[in-house]
Structures are given as C-alpha cells and as structure tokens.
Amino acid sequence: MISTTATITTTASQVLTKSNAWRTVYIHVIGAGTIYLGGPDVTSTNGLLTEKNAVPLQLEIPAQEELWAVTGSGTESLRILKPALYNE
C-alpha cells in the first residue's frame, strides 16, 4: 500500500488519477473540518460528505475514474491509502 497526504482547499483538487484497474482506497480527514469527494466538478453542494473526525472511509474506485476533493471553507488535510500496484 502507498500512503499519501493532500492539502484540500475550497478549490477542487485531484487526489487520485485514472488507473487501468479498480482500486480500493481509504480516505481519512485529519481535523475537525469537512471534505467533499467527487469528480472534477465536485463542490460542497454536490460532493460526498466526509464526517468530521471519523474513521477512515473505504471507497471502491472504478477503472478510468478519478477522485477529487474540496472543502466548504478553509483548508483540511486528507490522508489517502491506495494499492501499491496503482497504475497511473
């Protein structure tokens, strides 16, 4: 597995690029803020809400799909655990 950290702001950021394979990834928001997940058009209105101070969220990412993140306000830290055989 590969661990990475991303700094998420109010501008959507790509946190996973496309891959040729399905991936199981784990997302963990560090801190008391909220991060919204989705595609390149993710906003705080249409994104998948992450819980504040929650346990890591497991996601299944289909082949050829990306994952983007954004905050509603401020800056948050996001930890990502992805497969080592991650084909970017």
# chains A, B, ... in the order shown; residues from 1 in each chain; ligands from 1

$ residues_around --residues "stretch 72-81 of chain A" --least-positions-apart "4" --cutoff "6 Å" --atoms "only C-alpha atoms" --output "list in words"
Ile2, Ser3, Thr4, Thr5, Ala6, Thr7, Ile8, Thr9, Thr10, Val25, Tyr26, Ile27, His28, Val29, Ile30 and Ser44 of chain A

$ select_by_dssp --residues "stretch 8-76 of chain A" --states "strand (DSSP E or B)" --output "ChimeraX atom specification"
/A:8,13-16,23-30,35-38,48-49,57-61,67-71,76

$ residues_around --residues "A:Ile61" --least-positions-apart "3" --cutoff "8 Å" --atoms "only C-alpha atoms" --output "CSV table (one decimal) with C-alpha atoms, in the first residue's frame"
chain,number,residue,atom,x,y,z
A,22,TRP,CA,-10.4,-1.0,-9.9
A,23,ARG,CA,-8.9,0.2,-6.6
A,24,THR,CA,-9.9,0.0,-3.0
A,25,VAL,CA,-8.7,3.2,-1.3
A,65,GLU,CA,-12.2,7.2,-12.8
A,66,GLU,CA,-10.5,10.0,-10.8
A,67,LEU,CA,-11.2,11.2,-7.3

$ residues_around --residues "A:Thr11" --least-positions-apart "4" --cutoff "9 Å" --atoms "only C-alpha atoms" --output "ChimeraX atom specification"
/A:43,69-71

$ atom_distance --atom1 "atom CA of A:Ala63" --atom2 "atom CA of A:Asn20"
5.1 Å

$ residues_around --residues "A:Glu51" --least-positions-apart "4" --cutoff "12 Å" --atoms "only C-alpha atoms" --output "list in words"
Ile27, His28, Val29, Ile30, Gly31, Ala32, Gly33, Thr34, Ile35, Tyr36, Leu37, Val55, Pro56 and Leu57 of chain A

$ decode --residues "stretch 42-56 of chain A" --atoms "N, CA and C atoms" --output "compact mmCIF listing (two decimals), in the first residue's frame"
# COMPACT_ATOMS: atom_id res chain seq x y z
N VAL A 42 -16.69 18.54 -8.40
CA VAL A 42 -17.14 18.45 -7.01
C VAL A 42 -17.20 19.83 -6.35
N THR A 43 -18.25 20.02 -5.56
CA THR A 43 -18.42 21.23 -4.75
C THR A 43 -18.93 20.81 -3.38
N SER A 44 -19.06 21.76 -2.48
CA SER A 44 -19.62 21.46 -1.17
C SER A 44 -21.12 21.19 -1.26
N THR A 45 -21.72 21.48 -2.39
CA THR A 45 -23.15 21.24 -2.60
C THR A 45 -23.42 19.85 -3.17
N ASN A 46 -22.56 19.36 -4.06
CA ASN A 46 -22.85 18.09 -4.72
C ASN A 46 -21.92 16.94 -4.33
N GLY A 47 -20.90 17.19 -3.50
CA GLY A 47 -19.93 16.16 -3.16
C GLY A 47 -20.39 15.22 -2.05
N LEU A 48 -19.71 14.06 -1.99
CA LEU A 48 -19.95 13.09 -0.92
C LEU A 48 -19.32 13.64 0.35
N LEU A 49 -20.13 13.89 1.35
CA LEU A 49 -19.69 14.48 2.61
C LEU A 49 -18.89 13.48 3.43
N THR A 50 -17.74 13.89 3.93
CA THR A 50 -16.99 13.08 4.87
C THR A 50 -17.31 13.57 6.27
N GLU A 51 -17.35 12.66 7.20
CA GLU A 51 -17.66 13.02 8.58
C GLU A 51 -16.43 13.60 9.28
N LYS A 52 -16.65 14.58 10.11
CA LYS A 52 -15.57 15.19 10.89
C LYS A 52 -15.04 14.20 11.91
N ASN A 53 -13.72 14.09 12.01
CA ASN A 53 -13.06 13.22 12.99
C ASN A 53 -13.55 11.77 12.94
N ALA A 54 -13.96 11.30 11.78
CA ALA A 54 -14.49 9.94 11.65
C ALA A 54 -13.37 8.95 11.32
N VAL A 55 -13.71 7.67 11.40
CA VAL A 55 -12.77 6.63 11.00
C VAL A 55 -12.57 6.72 9.49
N PRO A 56 -11.50 6.14 8.95
CA PRO A 56 -11.27 6.20 7.51
C PRO A 56 -12.45 5.65 6.71
